[in-house]
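Peer 1: Data file protein_39.cif (mmCIF, C-alpha atoms (C1' of nucleotides)) is appended below.
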```
data_upload
loop_
_atom_site.group_PDB
_atom_site.id
_atom_site.type_symbol
_atom_site.label_atom_id
_atom_site.label_comp_id
_atom_site.auth_asym_id
_atom_site.auth_seq_id
_atom_site.Cartn_x
_atom_site.Cartn_y
_atom_site.Cartn_z
ATOM 1 C CA MET A 886 88.106 -0.723 69.451
ATOM 2 C CA THR A 887 87.845 1.110 72.709
ATOM 3 C CA ARG A 888 86.179 -1.552 74.854
ATOM 4 C CA THR A 889 83.313 0.775 75.648
ATOM 5 C CA THR A 890 81.829 0.964 72.198
ATOM 6 C CA GLU A 891 82.345 -2.571 70.957
ATOM 7 C CA GLY A 892 83.132 -1.803 67.347
ATOM 8 C CA GLU A 893 80.826 1.180 66.837
ATOM 9 C CA GLN A 894 82.755 4.413 67.179
ATOM 10 C CA ALA A 895 81.057 7.293 68.924
ATOM 11 C CA PRO A 896 79.693 9.927 66.551
ATOM 12 C CA ASP A 897 80.911 12.941 68.521
ATOM 13 C CA ASP A 898 80.235 15.462 65.800
ATOM 14 C CA VAL A 899 76.617 14.408 65.366
ATOM 15 C CA LEU A 900 75.913 14.581 69.093
ATOM 16 C CA VAL A 901 77.561 17.980 69.394
ATOM 17 C CA ALA A 902 75.728 19.273 66.318
ATOM 18 C CA LEU A 903 72.391 18.043 67.635
ATOM 19 C CA GLY A 904 73.070 19.549 71.045
ATOM 20 C CA ASP A 905 72.234 23.032 69.803
ATOM 21 C CA PRO A 906 68.535 23.915 69.407
ATOM 22 C CA ILE A 907 69.164 26.337 66.551
ATOM 23 C CA ARG A 908 71.007 23.634 64.646
ATOM 24 C CA ARG A 909 68.071 21.284 65.142
ATOM 25 C CA GLU A 910 65.791 24.020 63.865
ATOM 26 C CA ILE A 911 67.965 24.417 60.776
ATOM 27 C CA LEU A 912 67.786 20.683 60.144
ATOM 28 C CA ALA A 913 64.025 20.809 60.648
ATOM 29 C CA VAL A 914 63.678 23.587 58.072
ATOM 30 C CA LEU A 915 65.921 21.707 55.659
ATOM 31 C CA ALA A 916 63.752 18.620 56.045
ATOM 32 C CA ARG A 917 60.500 20.580 55.770
ATOM 33 C CA GLU A 918 61.518 22.630 52.746
ATOM 34 C CA GLY A 919 63.776 20.062 51.170
ATOM 35 C CA GLY A 920 66.713 22.478 51.133
ATOM 36 C CA ALA A 921 67.668 26.102 51.743
ATOM 37 C CA THR A 922 70.473 28.645 51.512
ATOM 38 C CA SER A 923 72.210 30.383 54.384
ATOM 39 C CA THR A 924 70.496 33.607 53.352
ATOM 40 C CA SER A 925 66.988 32.133 53.281
ATOM 41 C CA LEU A 926 67.606 30.370 56.590
ATOM 42 C CA ALA A 927 68.783 33.584 58.219
ATOM 43 C CA ALA A 928 65.525 35.235 57.112
ATOM 44 C CA SER A 929 63.481 32.852 59.273
ATOM 45 C CA LEU A 930 65.914 32.696 62.199
ATOM 46 C CA PRO A 931 66.824 35.283 64.828
ATOM 47 C CA ILE A 932 70.494 35.350 63.781
ATOM 48 C CA THR A 933 72.542 36.723 60.920
ATOM 49 C CA ARG A 934 73.516 34.891 57.751
ATOM 50 C CA GLN A 935 77.096 34.550 58.949
ATOM 51 C CA ALA A 936 75.980 32.902 62.164
ATOM 52 C CA VAL A 937 73.826 30.524 60.119
ATOM 53 C CA ALA A 938 76.824 29.759 57.934
ATOM 54 C CA LYS A 939 78.833 28.762 61.000
ATOM 55 C CA HIS A 940 76.062 26.441 62.166
ATOM 56 C CA LEU A 941 75.883 24.946 58.683
ATOM 57 C CA ALA A 942 79.631 24.321 58.874
ATOM 58 C CA VAL A 943 79.132 22.397 62.109
ATOM 59 C CA LEU A 944 76.312 20.381 60.570
ATOM 60 C CA ASP A 945 78.481 19.745 57.530
ATOM 61 C CA ARG A 946 81.378 18.441 59.639
ATOM 62 C CA ALA A 947 78.872 16.059 61.227
ATOM 63 C CA GLY A 948 77.776 14.976 57.752
ATOM 64 C CA LEU A 949 74.204 16.029 58.489
ATOM 65 C CA VAL A 950 73.999 18.449 55.557
ATOM 66 C CA ARG A 951 75.554 18.666 52.118
ATOM 67 C CA ALA A 952 76.131 21.796 50.072
ATOM 68 C CA HIS A 953 75.427 22.114 46.363
ATOM 69 C CA ARG A 954 76.459 25.214 44.470
ATOM 70 C CA ALA A 955 73.766 26.384 42.065
ATOM 71 C CA GLY A 956 74.758 29.546 40.254
ATOM 72 C CA ARG A 957 75.591 32.119 42.861
ATOM 73 C CA GLU A 958 73.563 30.336 45.505
ATOM 74 C CA VAL A 959 74.768 27.513 47.744
ATOM 75 C CA ARG A 960 71.887 25.208 48.522
ATOM 76 C CA TYR A 961 72.072 22.954 51.588
ATOM 77 C CA GLU A 962 70.227 19.669 51.904
ATOM 78 C CA ALA A 963 69.799 17.459 54.937
ATOM 79 C CA ASP A 964 71.435 14.031 55.036
ATOM 80 C CA LEU A 965 69.795 11.908 57.697
ATOM 81 C CA GLN A 966 72.128 8.934 57.350
ATOM 82 C CA PRO A 967 74.502 10.016 60.165
ATOM 83 C CA LEU A 968 71.447 10.556 62.338
ATOM 84 C CA ARG A 969 70.334 6.994 61.748
ATOM 85 C CA ARG A 970 73.847 5.721 62.509
ATOM 86 C CA THR A 971 73.878 7.703 65.739
ATOM 87 C CA THR A 972 70.488 6.367 66.749
ATOM 88 C CA ARG A 973 71.690 2.804 66.279
ATOM 89 C CA TRP A 974 74.928 3.549 68.150
ATOM 90 C CA MET A 975 73.025 5.034 71.068
ATOM 91 C CA ASP A 976 70.559 2.172 71.144
ATOM 92 C CA THR A 977 73.350 -0.395 71.184
ATOM 93 C CA LEU A 978 75.171 1.453 73.925
ATOM 94 C CA ALA A 979 72.056 1.758 76.078
ATOM 95 C CA THR A 980 71.404 -1.948 75.736
ATOM 96 C CA GLN A 981 74.975 -2.899 76.628
ATOM 97 C CA TRP A 982 74.997 -0.687 79.666
ATOM 98 C CA GLU A 983 71.577 -1.857 80.806
ATOM 99 C CA ASP A 984 72.629 -5.482 80.470
ATOM 100 C CA ARG A 985 75.714 -4.787 82.516
ATOM 101 C CA LEU A 986 73.750 -3.009 85.240
ATOM 102 C CA ASN A 987 71.202 -5.816 85.377
ATOM 103 C CA ALA A 988 73.982 -8.371 85.697
ATOM 104 C CA ILE A 989 75.422 -6.429 88.611
ATOM 105 C CA LYS A 990 72.039 -6.184 90.279
ATOM 106 C CA ASP A 991 71.514 -9.938 89.895
ATOM 107 C CA LEU A 992 74.909 -10.578 91.466
ATOM 108 C CA ALA A 993 74.056 -8.345 94.413
ATOM 109 C CA GLU A 994 70.754 -10.127 94.997
ATOM 110 C CA GLY A 995 72.459 -13.493 94.843
ATOM 111 C CA ALA A 996 75.081 -12.420 97.385
ATOM 112 C CA THR A 997 72.644 -11.158 99.995
ATOM 113 C CA GLY A 998 70.181 -13.953 99.358
ATOM 114 C CA PRO A 999 66.704 -13.605 97.787
ATOM 115 C CA MET B 1139 54.366 21.777 70.897
ATOM 116 C CA THR B 1140 56.992 23.188 68.584
ATOM 117 C CA ARG B 1141 55.810 21.632 65.338
ATOM 118 C CA THR B 1142 59.231 20.110 64.751
ATOM 119 C CA THR B 1143 59.170 17.604 67.583
ATOM 120 C CA GLU B 1144 55.522 16.501 67.526
ATOM 121 C CA GLY B 1145 54.985 16.126 71.264
ATOM 122 C CA GLU B 1146 58.439 14.824 72.209
ATOM 123 C CA GLN B 1147 60.565 17.620 73.571
ATOM 124 C CA ALA B 1148 64.222 17.637 72.631
ATOM 125 C CA PRO B 1149 66.494 16.298 75.374
ATOM 126 C CA ASP B 1150 69.137 19.005 75.042
ATOM 127 C CA ASP B 1151 70.943 18.142 78.245
ATOM 128 C CA VAL B 1152 71.363 14.490 77.318
ATOM 129 C CA LEU B 1153 72.750 15.316 73.881
ATOM 130 C CA VAL B 1154 75.157 17.879 75.303
ATOM 131 C CA ALA B 1155 76.248 15.507 78.068
ATOM 132 C CA LEU B 1156 76.834 12.688 75.586
ATOM 133 C CA GLY B 1157 78.769 14.975 73.277
ATOM 134 C CA ASP B 1158 81.849 14.831 75.488
ATOM 135 C CA PRO B 1159 84.020 11.688 75.265
ATOM 136 C CA ILE B 1160 85.152 11.876 78.883
ATOM 137 C CA ARG B 1161 81.543 12.028 80.027
ATOM 138 C CA ARG B 1162 80.777 8.920 77.968
ATOM 139 C CA GLU B 1163 83.774 7.241 79.562
ATOM 140 C CA ILE B 1164 82.466 8.137 83.016
ATOM 141 C CA LEU B 1165 79.091 6.646 82.131
ATOM 142 C CA ALA B 1166 80.844 3.553 80.807
ATOM 143 C CA VAL B 1167 82.761 3.111 84.059
ATOM 144 C CA LEU B 1168 79.579 3.645 86.067
ATOM 145 C CA ALA B 1169 77.847 0.970 84.032
ATOM 146 C CA ARG B 1170 80.805 -1.413 84.200
ATOM 147 C CA GLU B 1171 81.413 -1.028 87.937
ATOM 148 C CA GLY B 1172 77.823 -0.378 88.926
ATOM 149 C CA GLY B 1173 78.777 2.901 90.588
ATOM 150 C CA ALA B 1174 81.724 5.038 91.643
ATOM 151 C CA THR B 1175 82.771 8.185 93.497
ATOM 152 C CA SER B 1176 84.322 11.295 92.015
ATOM 153 C CA THR B 1177 87.601 10.343 93.710
ATOM 154 C CA SER B 1178 87.689 6.789 92.352
ATOM 155 C CA LEU B 1179 86.748 8.033 88.888
ATOM 156 C CA ALA B 1180 89.527 10.618 88.955
ATOM 157 C CA ALA B 1181 91.980 7.821 89.746
ATOM 158 C CA SER B 1182 91.261 6.111 86.425
ATOM 159 C CA LEU B 1183 90.916 9.268 84.357
ATOM 160 C CA PRO B 1184 93.502 11.810 83.194
ATOM 161 C CA ILE B 1185 91.812 14.683 85.069
ATOM 162 C CA THR B 1186 91.432 15.856 88.652
ATOM 163 C CA ARG B 1187 88.628 15.009 91.035
ATOM 164 C CA GLN B 1188 87.183 18.511 90.710
ATOM 165 C CA ALA B 1189 87.027 18.220 86.952
ATOM 166 C CA VAL B 1190 85.292 14.865 87.342
ATOM 167 C CA ALA B 1191 82.845 16.491 89.754
ATOM 168 C CA LYS B 1192 81.950 19.091 87.134
ATOM 169 C CA HIS B 1193 81.319 16.384 84.538
ATOM 170 C CA LEU B 1194 79.196 14.501 87.050
ATOM 171 C CA ALA B 1195 77.184 17.679 87.586
ATOM 172 C CA VAL B 1196 76.520 17.871 83.854
ATOM 173 C CA LEU B 1197 75.501 14.215 83.767
ATOM 174 C CA ASP B 1198 73.280 14.823 86.785
ATOM 175 C CA ARG B 1199 71.497 17.743 85.133
ATOM 176 C CA ALA B 1200 70.833 15.439 82.201
ATOM 177 C CA GLY B 1201 69.431 12.864 84.619
ATOM 178 C CA LEU B 1202 71.989 10.302 83.469
ATOM 179 C CA VAL B 1203 73.448 9.752 86.953
ATOM 180 C CA ARG B 1204 72.105 9.928 90.479
ATOM 181 C CA ALA B 1205 74.110 10.600 93.634
ATOM 182 C CA HIS B 1206 73.711 8.705 96.893
ATOM 183 C CA ARG B 1207 75.527 9.845 100.003
ATOM 184 C CA ALA B 1208 77.035 6.928 101.937
ATOM 185 C CA GLY B 1209 78.936 8.108 104.976
ATOM 186 C CA ARG B 1210 81.526 10.538 103.797
ATOM 187 C CA GLU B 1211 81.461 9.180 100.263
ATOM 188 C CA VAL B 1212 79.088 10.234 97.510
ATOM 189 C CA ARG B 1213 78.416 7.305 95.233
ATOM 190 C CA TYR B 1214 77.160 7.928 91.704
ATOM 191 C CA GLU B 1215 75.095 5.446 89.732
ATOM 192 C CA ALA B 1216 74.111 5.545 86.086
ATOM 193 C CA ASP B 1217 70.469 6.007 85.123
ATOM 194 C CA LEU B 1218 69.948 4.934 81.527
ATOM 195 C CA GLN B 1219 66.315 5.966 81.302
ATOM 196 C CA PRO B 1220 67.020 9.404 79.792
ATOM 197 C CA LEU B 1221 69.287 7.697 77.295
ATOM 198 C CA ARG B 1222 66.440 5.442 76.187
ATOM 199 C CA ARG B 1223 64.109 8.424 75.936
ATOM 200 C CA THR B 1224 66.663 10.233 73.802
ATOM 201 C CA THR B 1225 67.115 7.240 71.545
ATOM 202 C CA ARG B 1226 63.375 7.076 70.932
ATOM 203 C CA TRP B 1227 63.213 10.841 70.368
ATOM 204 C CA MET B 1228 66.021 10.675 67.838
ATOM 205 C CA ASP B 1229 64.498 7.704 66.069
ATOM 206 C CA THR B 1230 61.127 9.425 65.796
ATOM 207 C CA LEU B 1231 62.719 12.599 64.506
ATOM 208 C CA ALA B 1232 64.796 10.764 61.900
ATOM 209 C CA THR B 1233 61.702 8.958 60.659
ATOM 210 C CA GLN B 1234 59.635 12.162 60.425
ATOM 211 C CA TRP B 1235 62.343 13.965 58.536
ATOM 212 C CA GLU B 1236 62.972 11.053 56.202
ATOM 213 C CA ASP B 1237 59.279 10.788 55.439
ATOM 214 C CA ARG B 1238 59.149 14.483 54.663
ATOM 215 C CA LEU B 1239 62.202 14.301 52.403
ATOM 216 C CA ASN B 1240 60.790 11.292 50.575
ATOM 217 C CA ALA B 1241 57.503 13.103 50.063
ATOM 218 C CA ILE B 1242 59.357 16.039 48.568
ATOM 219 C CA LYS B 1243 61.366 13.787 46.298
ATOM 220 C CA ASP B 1244 58.190 12.068 45.103
ATOM 221 C CA LEU B 1245 56.631 15.427 44.339
ATOM 222 C CA ALA B 1246 59.674 16.471 42.327
ATOM 223 C CA GLU B 1247 59.620 13.270 40.306
ATOM 224 C CA GLY B 1248 55.917 13.675 39.648
ATOM 225 C CA ALA B 1249 56.390 17.261 38.459
ATOM 226 C CA THR B 1250 59.165 16.502 35.963
ATOM 227 C CA GLY B 1251 57.543 13.260 34.858
ATOM 228 C CA PRO B 1252 58.653 9.723 35.788
ATOM 229 C "C1'" DC C 1438 90.011 11.171 120.187
ATOM 230 C "C1'" DC C 1439 92.175 12.972 116.216
ATOM 231 C "C1'" DC C 1440 93.765 12.819 111.828
ATOM 232 C "C1'" DA C 1441 93.608 11.006 107.153
ATOM 233 C "C1'" DT C 1442 90.131 10.866 103.772
ATOM 234 C "C1'" DG C 1443 86.553 12.593 100.870
ATOM 235 C "C1'" DC C 1444 83.897 16.285 99.457
ATOM 236 C "C1'" DG C 1445 82.328 21.199 98.221
ATOM 237 C "C1'" DC C 1446 83.147 25.911 97.081
ATOM 238 C "C1'" DA C 1447 85.634 29.549 94.827
ATOM 239 C "C1'" DA C 1448 88.970 31.813 92.066
ATOM 240 C "C1'" DC C 1449 91.437 31.713 88.232
ATOM 241 C "C1'" DC C 1450 93.013 30.333 83.511
ATOM 242 C "C1'" DG C 1451 93.218 29.505 78.351
ATOM 243 C "C1'" DA C 1452 90.521 27.811 74.630
ATOM 244 C "C1'" DT C 1453 86.267 27.399 72.311
ATOM 245 C "C1'" DT C 1454 81.651 28.914 71.096
ATOM 246 C "C1'" DG C 1455 78.103 31.707 69.234
ATOM 247 C "C1'" DG C 1456 77.335 35.861 67.773
ATOM 248 C "C1'" DT C 1457 78.339 40.372 65.538
ATOM 249 C "C1'" DT C 1458 80.188 43.909 61.972
ATOM 250 C "C1'" DG C 1459 82.737 44.967 57.949
ATOM 251 C "C1'" DC C 1460 84.705 44.083 53.657
ATOM 252 C "C1'" DG C 1461 85.756 42.092 49.144
ATOM 253 C "C1'" DC C 1462 84.650 39.141 45.329
ATOM 254 C "C1'" DA C 1463 81.855 36.625 41.942
ATOM 255 C "C1'" DT C 1464 77.819 36.209 39.248
ATOM 256 C "C1'" DG C 1465 73.743 36.386 36.721
ATOM 257 C "C1'" DG C 1466 69.321 39.003 35.607
ATOM 258 C "C1'" DG C 1467 67.245 43.325 33.962
ATOM 259 C "C1'" DC D 64 76.821 45.859 30.614
ATOM 260 C "C1'" DC D 65 76.596 46.757 35.437
ATOM 261 C "C1'" DC D 66 74.729 46.526 39.711
ATOM 262 C "C1'" DA D 67 72.004 44.141 43.189
ATOM 263 C "C1'" DT D 68 72.450 39.752 45.226
ATOM 264 C "C1'" DG D 69 74.680 36.039 47.564
ATOM 265 C "C1'" DC D 70 78.656 34.232 49.482
ATOM 266 C "C1'" DG D 71 83.296 33.864 51.989
ATOM 267 C "C1'" DC D 72 86.855 35.538 54.958
ATOM 268 C "C1'" DA D 73 88.520 37.991 58.945
ATOM 269 C "C1'" DA D 74 88.489 40.554 63.102
ATOM 270 C "C1'" DC D 75 86.445 41.220 67.124
ATOM 271 C "C1'" DC D 76 83.540 40.372 71.353
ATOM 272 C "C1'" DA D 77 81.291 38.364 75.506
ATOM 273 C "C1'" DA D 78 80.102 34.112 77.504
ATOM 274 C "C1'" DT D 79 80.780 29.439 78.324
ATOM 275 C "C1'" DC D 80 83.664 25.297 78.917
ATOM 276 C "C1'" DG D 81 87.049 22.257 80.659
ATOM 277 C "C1'" DG D 82 90.536 22.253 83.493
ATOM 278 C "C1'" DT D 83 93.526 23.639 87.447
ATOM 279 C "C1'" DT D 84 94.975 25.080 92.347
ATOM 280 C "C1'" DG D 85 93.809 26.174 96.945
ATOM 281 C "C1'" DC D 86 91.164 26.044 100.963
ATOM 282 C "C1'" DG D 87 87.832 24.705 104.465
ATOM 283 C "C1'" DC D 88 84.693 21.467 106.474
ATOM 284 C "C1'" DA D 89 82.744 17.009 107.859
ATOM 285 C "C1'" DT D 90 83.297 12.352 109.145
ATOM 286 C "C1'" DG D 91 84.458 7.896 110.493
ATOM 287 C "C1'" DG D 92 88.250 4.358 111.352
ATOM 288 C "C1'" DG D 93 92.462 3.187 113.926
#
```
What would you get if you wrote out this structure as structure tokens?

Peer 2:
Amino acid sequence: MTRTTEGEQAPDDVLVALGDPIRREILAVLAREGGATSTSLAASLPITRQAVAKHLAVLDRAGLVRAHRAGREVRYEADLQPLRRTTRWMDTLATQWEDRLNAIKDLAEGATGP
Amino acid sequence: MTRTTEGEQAPDDVLVALGDPIRREILAVLAREGGATSTSLAASLPITRQAVAKHLAVLDRAGLVRAHRAGREVRYEADLQPLRRTTRWMDTLATQWEDRLNAIKDLAEGATGP
DNA sequence: CCCATGCGCAACCGATTGGTTGCGCATGGG
DNA sequence: CCCATGCGCAACCAATCGGTTGCGCATGGG
């Protein structure tokens, strides 16, 4: 463990993947439609199929989508599990840090007198 | 509203800021120590003061730190409020998307017979 | 007072990112 | 069967990122 995360390792890939608005839009479409191909996604986005494919690769590395080959199509579906993990990680971290900051503030008040 | 976020706008800057491990480390130090300067941070990190300053600028744009000038030092403190907002945003989004995916799955099961 | 300390700005650098075009290959429907 | 469709790979491009070095300015403690 790294002392700053207390057992939960930071989900870099998910944060990076979610940092791009077009990747969030792709995830949104995948959730709304229940799945899509790079070609169909490119049709409703302002970028080419190849660019979409690269974004899908990023989302795949983050575990946020999974690809299923169906004939000559490759259908992508959203997997929200890493998102849930990241939410919990972030919540835990925020709480730890807040606790620490509150402890410091209490110490400061005690030192200068209430 | 953008239809995908339902009133909560996506905190791009926070996600991007949190996507970098060294920026998380800086936040961790700030929370642990209650504050620090770019110089003191650089002392405990494998990068130069100027590099730290750039990271602090990113964190500042995300609202995750605030700078206070004290004499010739500039002290940075962590502000976890945007982190909390982002956590809630992410949680809401995950729930919406999960609901949508479950609805789709239910429809599929209904169509092919239970 | 004056100099060490701390900061900001700017230029520069290599690597990565986000996008494009172009091409070749597989595959399944008319 | 064969060709339109869908995908993957590769090269290329500009812009951004993360980092460095170098310099100049303010400031406050000995």

Peer 1: Name every residue that the PyMOL selection byres ((chain C) within 10 of (chain B)) selects in this structure, writing the answer as a list in words with chains first and numbers rising.

Peer 2: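 Selected by the PyMOL selection byres ((chain C) within 10 of (chain B)) here: DT1442, DG1443, DC1444 and DG1445 of chain C.
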
Peer 1: Quick one: apply the PyMOL selection byres ((chain B and resi 1166) around 12) to the file and drop the selected residues here as a compact mmCIF listing (two decimals) with C-alpha atoms, in the frame of the given file.

Peer 2:
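The resulting file, result-v3.txt, is shown below:
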```txt
# COMPACT_ATOMS: atom_id res chain seq x y z
CA THR A 887 87.84 1.11 72.71
CA ARG A 888 86.18 -1.55 74.85
CA THR A 889 83.31 0.78 75.65
CA THR A 890 81.83 0.96 72.20
CA GLU A 891 82.34 -2.57 70.96
CA LEU A 978 75.17 1.45 73.92
CA ALA A 979 72.06 1.76 76.08
CA GLN A 981 74.97 -2.90 76.63
CA TRP A 982 75.00 -0.69 79.67
CA GLU A 983 71.58 -1.86 80.81
CA ARG A 985 75.71 -4.79 82.52
CA LEU A 986 73.75 -3.01 85.24
CA LEU B 1156 76.83 12.69 75.59
CA PRO B 1159 84.02 11.69 75.26
CA ILE B 1160 85.15 11.88 78.88
CA ARG B 1161 81.54 12.03 80.03
CA ARG B 1162 80.78 8.92 77.97
CA GLU B 1163 83.77 7.24 79.56
CA ILE B 1164 82.47 8.14 83.02
CA LEU B 1165 79.09 6.65 82.13
CA VAL B 1167 82.76 3.11 84.06
CA LEU B 1168 79.58 3.64 86.07
CA ALA B 1169 77.85 0.97 84.03
CA ARG B 1170 80.81 -1.41 84.20
CA GLU B 1171 81.41 -1.03 87.94
CA GLY B 1172 77.82 -0.38 88.93
CA GLY B 1173 78.78 2.90 90.59
CA ALA B 1174 81.72 5.04 91.64
CA LEU B 1179 86.75 8.03 88.89
CA LEU B 1202 71.99 10.30 83.47
CA VAL B 1203 73.45 9.75 86.95
CA GLU B 1215 75.10 5.45 89.73
CA ALA B 1216 74.11 5.54 86.09
CA ASP B 1217 70.47 6.01 85.12
CA LEU B 1218 69.95 4.93 81.53
```

Peer 1: Where does the PyMOL selection byres ((chain D) within 9 of (chain A)) land in this file, that is, which residues does it pick, as a list in words?

Peer 2: DT68, DG69 and DC70 of chain D

Peer 1: Report chain B as a compact mmCIF listing (two decimals) with C-alpha atoms, in the frame of the given file in the frame of chain A, after least-squares superposition over all C-alpha atoms paired in order.

Peer 2:
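Result file follows (superposed_6.txt):
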```txt
# COMPACT_ATOMS: atom_id res chain seq x y z
CA MET B 1139 88.19 -0.79 69.53
CA THR B 1140 87.79 1.08 72.79
CA ARG B 1141 86.07 -1.63 74.81
CA THR B 1142 83.21 0.71 75.63
CA THR B 1143 81.74 0.97 72.16
CA GLU B 1144 82.23 -2.58 70.87
CA GLY B 1145 83.06 -1.77 67.26
CA GLU B 1146 80.76 1.24 66.81
CA GLN B 1147 82.71 4.44 67.17
CA ALA B 1148 81.02 7.31 68.95
CA PRO B 1149 79.62 9.94 66.58
CA ASP B 1150 80.85 12.94 68.55
CA ASP B 1151 80.18 15.47 65.83
CA VAL B 1152 76.56 14.42 65.40
CA LEU B 1153 75.86 14.60 69.13
CA VAL B 1154 77.51 18.00 69.43
CA ALA B 1155 75.68 19.29 66.35
CA LEU B 1156 72.34 18.05 67.67
CA GLY B 1157 72.99 19.56 71.07
CA ASP B 1158 72.18 23.06 69.83
CA PRO B 1159 68.49 23.96 69.40
CA ILE B 1160 69.11 26.36 66.53
CA ARG B 1161 70.99 23.66 64.65
CA ARG B 1162 68.04 21.30 65.14
CA GLU B 1163 65.76 24.03 63.85
CA ILE B 1164 67.95 24.44 60.77
CA LEU B 1165 67.77 20.70 60.15
CA ALA B 1166 64.01 20.83 60.62
CA VAL B 1167 63.67 23.60 58.04
CA LEU B 1168 65.93 21.71 55.64
CA ALA B 1169 63.76 18.64 56.02
CA ARG B 1170 60.51 20.60 55.73
CA GLU B 1171 61.55 22.65 52.69
CA GLY B 1172 63.82 20.05 51.14
CA GLY B 1173 66.74 22.47 51.12
CA ALA B 1174 67.70 26.09 51.72
CA THR B 1175 70.52 28.63 51.51
CA SER B 1176 72.26 30.36 54.38
CA THR B 1177 70.53 33.60 53.35
CA SER B 1178 67.02 32.12 53.26
CA LEU B 1179 67.62 30.36 56.58
CA ALA B 1180 68.79 33.60 58.18
CA ALA B 1181 65.55 35.22 57.06
CA SER B 1182 63.49 32.85 59.20
CA LEU B 1183 65.88 32.70 62.14
CA PRO B 1184 66.79 35.29 64.78
CA ILE B 1185 70.47 35.35 63.75
CA THR B 1186 72.56 36.70 60.89
CA ARG B 1187 73.54 34.88 57.74
CA GLN B 1188 77.13 34.52 58.97
CA ALA B 1189 75.98 32.89 62.17
CA VAL B 1190 73.83 30.52 60.13
CA ALA B 1191 76.85 29.75 57.96
CA LYS B 1192 78.84 28.75 61.04
CA HIS B 1193 76.05 26.43 62.19
CA LEU B 1194 75.88 24.94 58.71
CA ALA B 1195 79.62 24.31 58.90
CA VAL B 1196 79.12 22.39 62.14
CA LEU B 1197 76.29 20.38 60.59
CA ASP B 1198 78.48 19.73 57.56
CA ARG B 1199 81.35 18.41 59.67
CA ALA B 1200 78.85 16.05 61.26
CA GLY B 1201 77.76 14.96 57.79
CA LEU B 1202 74.18 16.03 58.51
CA VAL B 1203 73.99 18.45 55.57
CA ARG B 1204 75.58 18.64 52.14
CA ALA B 1205 76.16 21.78 50.09
CA HIS B 1206 75.48 22.08 46.37
CA ARG B 1207 76.54 25.18 44.48
CA ALA B 1208 73.86 26.37 42.05
CA GLY B 1209 74.90 29.52 40.26
CA ARG B 1210 75.70 32.08 42.88
CA GLU B 1211 73.63 30.30 45.51
CA VAL B 1212 74.82 27.49 47.76
CA ARG B 1213 71.94 25.19 48.53
CA TYR B 1214 72.10 22.95 51.59
CA GLU B 1215 70.24 19.67 51.90
CA ALA B 1216 69.80 17.47 54.94
CA ASP B 1217 71.43 14.04 55.05
CA LEU B 1218 69.79 11.93 57.72
CA GLN B 1219 72.10 8.95 57.39
CA PRO B 1220 74.46 10.02 60.20
CA LEU B 1221 71.41 10.58 62.36
CA ARG B 1222 70.29 7.00 61.79
CA ARG B 1223 73.79 5.73 62.53
CA THR B 1224 73.82 7.71 65.76
CA THR B 1225 70.43 6.39 66.77
CA ARG B 1226 71.64 2.82 66.31
CA TRP B 1227 74.87 3.58 68.18
CA MET B 1228 72.95 5.05 71.09
CA ASP B 1229 70.51 2.18 71.17
CA THR B 1230 73.31 -0.38 71.20
CA LEU B 1231 75.13 1.47 73.94
CA ALA B 1232 72.02 1.78 76.11
CA THR B 1233 71.36 -1.93 75.76
CA GLN B 1234 74.96 -2.89 76.63
CA TRP B 1235 74.98 -0.69 79.68
CA GLU B 1236 71.57 -1.86 80.84
CA ASP B 1237 72.63 -5.47 80.48
CA ARG B 1238 75.74 -4.79 82.52
CA LEU B 1239 73.78 -3.00 85.24
CA ASN B 1240 71.23 -5.81 85.40
CA ALA B 1241 74.02 -8.36 85.69
CA ILE B 1242 75.48 -6.42 88.59
CA LYS B 1243 72.11 -6.17 90.29
CA ASP B 1244 71.58 -9.91 89.91
CA LEU B 1245 74.97 -10.58 91.45
CA ALA B 1246 74.15 -8.35 94.40
CA GLU B 1247 70.85 -10.09 95.00
CA GLY B 1248 72.53 -13.47 94.80
CA ALA B 1249 75.19 -12.45 97.32
CA THR B 1250 72.77 -11.16 99.97
CA GLY B 1251 70.29 -13.95 99.33
CA PRO B 1252 66.97 -13.67 97.47
```

Peer 1: What is the atom CA of Thr1225 of chain B to atom CA of Thr972 of chain A distance in Å?

Peer 2: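 Between atom CA of Thr1225 of chain B and atom CA of Thr972 of chain A the gap is 5.9 Å.
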
Peer 1: Name the residues in contact with segment 1446-1454 of chain C at a cut-off of 8 Å, using all atoms listed in the file, excluding same-chain residues fewer than 6 positions from it; report them as a short mmCIF file (atom, residue, chain, number, x, y, z; two decimals) with C-alpha atoms (C1' of nucleotides), in the coordinates of the input.

Peer 2:
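Written file, out14.cif:
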```cif
data_model
loop_
_atom_site.label_atom_id
_atom_site.label_comp_id
_atom_site.auth_asym_id
_atom_site.auth_seq_id
_atom_site.Cartn_x
_atom_site.Cartn_y
_atom_site.Cartn_z
"C1'" DT D 79 80.78 29.44 78.32
"C1'" DC D 80 83.66 25.30 78.92
"C1'" DT D 83 93.53 23.64 87.45
#
```

Peer 1: Looking at all atoms listed in the file, which of B:Ala1181, B:Ala1205, B:Ala1195, B:Leu1245 is the one that sits closest to chain A?

Peer 2: B:Leu1245

Peer 1: Rounded to one decimal, what separation in Å do you get between atom C1' of DC76 of chain D and atom C1' of DT1457 of chain C?

Peer 2: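 These atoms are spaced 7.8 Å apart.
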
Peer 1: Could you tell me how far atom CA of Asp1158 of chain B lies from atom CA of Asp897 of chain A, in Å and to one decimal?

Peer 2: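 Going from atom CA of Asp1158 of chain B over to atom CA of Asp897 of chain A covers 7.3 Å.
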
Peer 1: Go through A:Leu930, A:Ala988, A:Asp945, A:Arg960 one by one, measure the shortest atom-to-atom distance of each to chain B using all atoms listed in the file, and give the residue with the smallest value.

Peer 2: A:Ala988

Peer 1: Segment 1449-1457 of chain C, all listed atoms, 6 Å padding on each side: what axis-aligned box centre and edge lengths in Å to one decimal come out, as lines of an AutoDock Vina configuration file?

Peer 2:
```
center_x = 85.3
center_y = 33.9
center_z = 76.9
size_x = 27.9
size_y = 25.0
size_z = 34.7
```
